[in-house]
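As structure tokens, the structure follows; a few thoughts come after it.
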Amino acid sequence: MIKLKLKKVRSYYGTVKATHDHPYVEVETEDEAQALVAKGYFDVCASPAVPDENGEGKDGEEDTAPDYEALSEMTKAELTAYAEENGIDISECKTKADILKAISVANGGSSTMIDLQQ
């Protein structure tokens, strides 16, 4: 499954349904995802694989969300690079905490949970 997020439009009704309140959808194939991205309504949400202590992702396991504990240990520069690699907009972020919130929200999480963890 490939996770997509609705861009800055109010809604999309086609092969998938997405609204401002529910911007995330999943499609089965890469072709479906690329077709929706090509129309300009969606961005692909990367399934980030945070490396383990050996610098490798977990083989055979599908990561559905980033490891926020590992992300919180990264520097601001590392988080900025991570966000860029995963297509996460952090242009309004000024602090490391802001970047962590943006990453959380971009992956379907809540900025409230990040606030509670700090």
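How things are named: the first chain in the structure tokens is A, the next is B, and so on; residues count from 1 in each chain; ligands count from 1 in the order shown.
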query: Using only C-alpha atoms, which residues sit within 10 Å of Val9 in chain A once same-chain residues fewer than 5 positions away are excluded, as a ChimeraX atom specification?
result: /A:18-20,23,40-42
Write the selection just made, keeping N, CA and C atoms, as a PDB file, in the first residue's frame?
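Writing the result to result21.pdb gives the following:
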ATOM      1  N   ALA A  18     -10.680  12.098  -0.693  1.00  0.00           N
ATOM      2  CA  ALA A  18      -9.905  12.762   0.346  1.00  0.00           C
ATOM      3  C   ALA A  18     -10.520  14.134   0.588  1.00  0.00           C
ATOM      4  N   THR A  19     -10.515  14.550   1.837  1.00  0.00           N
ATOM      5  CA  THR A  19     -11.030  15.865   2.201  1.00  0.00           C
ATOM      6  C   THR A  19     -10.011  16.576   3.072  1.00  0.00           C
ATOM      7  N   HIS A  20     -10.259  17.842   3.324  1.00  0.00           N
ATOM      8  CA  HIS A  20      -9.374  18.622   4.180  1.00  0.00           C
ATOM      9  C   HIS A  20      -9.266  17.986   5.565  1.00  0.00           C
ATOM     10  N   PRO A  23      -7.156  13.957   4.927  1.00  0.00           N
ATOM     11  CA  PRO A  23      -6.334  14.120   3.727  1.00  0.00           C
ATOM     12  C   PRO A  23      -5.532  12.887   3.300  1.00  0.00           C
ATOM     13  N   GLY A  40      -1.675  16.387  -9.635  1.00  0.00           N
ATOM     14  CA  GLY A  40      -1.367  17.565  -8.835  1.00  0.00           C
ATOM     15  C   GLY A  40      -2.135  17.689  -7.541  1.00  0.00           C
ATOM     16  N   TYR A  41      -2.920  16.692  -7.189  1.00  0.00           N
ATOM     17  CA  TYR A  41      -3.728  16.777  -5.975  1.00  0.00           C
ATOM     18  C   TYR A  41      -3.080  16.131  -4.756  1.00  0.00           C
ATOM     19  N   PHE A  42      -2.106  15.252  -4.966  1.00  0.00           N
ATOM     20  CA  PHE A  42      -1.541  14.484  -3.863  1.00  0.00           C
ATOM     21  C   PHE A  42      -0.021  14.504  -3.870  1.00  0.00           C
TER      22      PHE A  42
END
task: Considering only C-alpha atoms, return as a count of residues only whatever protein or nucleic-acid residues lie within 8 Å of Ile90 in chain A, sequence-local ones (same chain, fewer than 5 positions apart) excluded.
output: 4
- prompt: Looking at only C-alpha atoms, which of A:Leu6, A:Tyr24, A:Asn107, A:Thr95 is the one that sits closest to Val37 in chain A?
  reply: A:Leu6
query: Which residue gives the smallest distance to Lys3 in chain A among A:Thr29, A:Ser91, A:Ser104, A:Thr75, with only C-alpha atoms counted?
result: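 Answer, going by the shortest atom-to-atom distance: A:Thr29.
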message: I'd like the neighbourhood of Met1 in chain A as an MDAnalysis selection string, where a residue qualifies if any of its atoms comes within 7 Å (using only C-alpha atoms), though same-chain residues fewer than 4 positions away should be ignored.
response: chainID A and resid 26:29
query: Hey, can you check how far CA of Ala97 in chain A sits from CA of Lys5 in chain A?
result: 22.1 Å
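Nearest residue to Ala106 in chain A, choosing from A:Leu71, A:Ala38, A:Ile2, A:Ile88 and counting only C-alpha atoms: A:Ile88.
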task: Tell me which of A:Leu79, A:Leu100, A:Cys93, A:Leu4 sits closest to Glu30 in chain A, counting only C-alpha atoms.
output: A:Leu4
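Minimum atom-to-atom distances from A:Lys94, A:Met74, A:Asn86, A:Asp31 to Val44 in chain A were compared using only C-alpha atoms, and the lowest value belongs to A:Asn86.
You will find CA of Thr15 in chain A at 26.8 Å from CA of Ile103 in chain A.
As for CA of Tyr68 in chain A and CA of Lys101 in chain A, they are spaced 10.1 Å apart.
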Closest of A:Tyr12, A:Ser72, A:Ala77, A:Asp43 to Asp89 in chain A - atom-to-atom distances counting only C-alpha atoms: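 Residue with the minimum atom-to-atom distance to Asp89 in chain A: A:Asp43.
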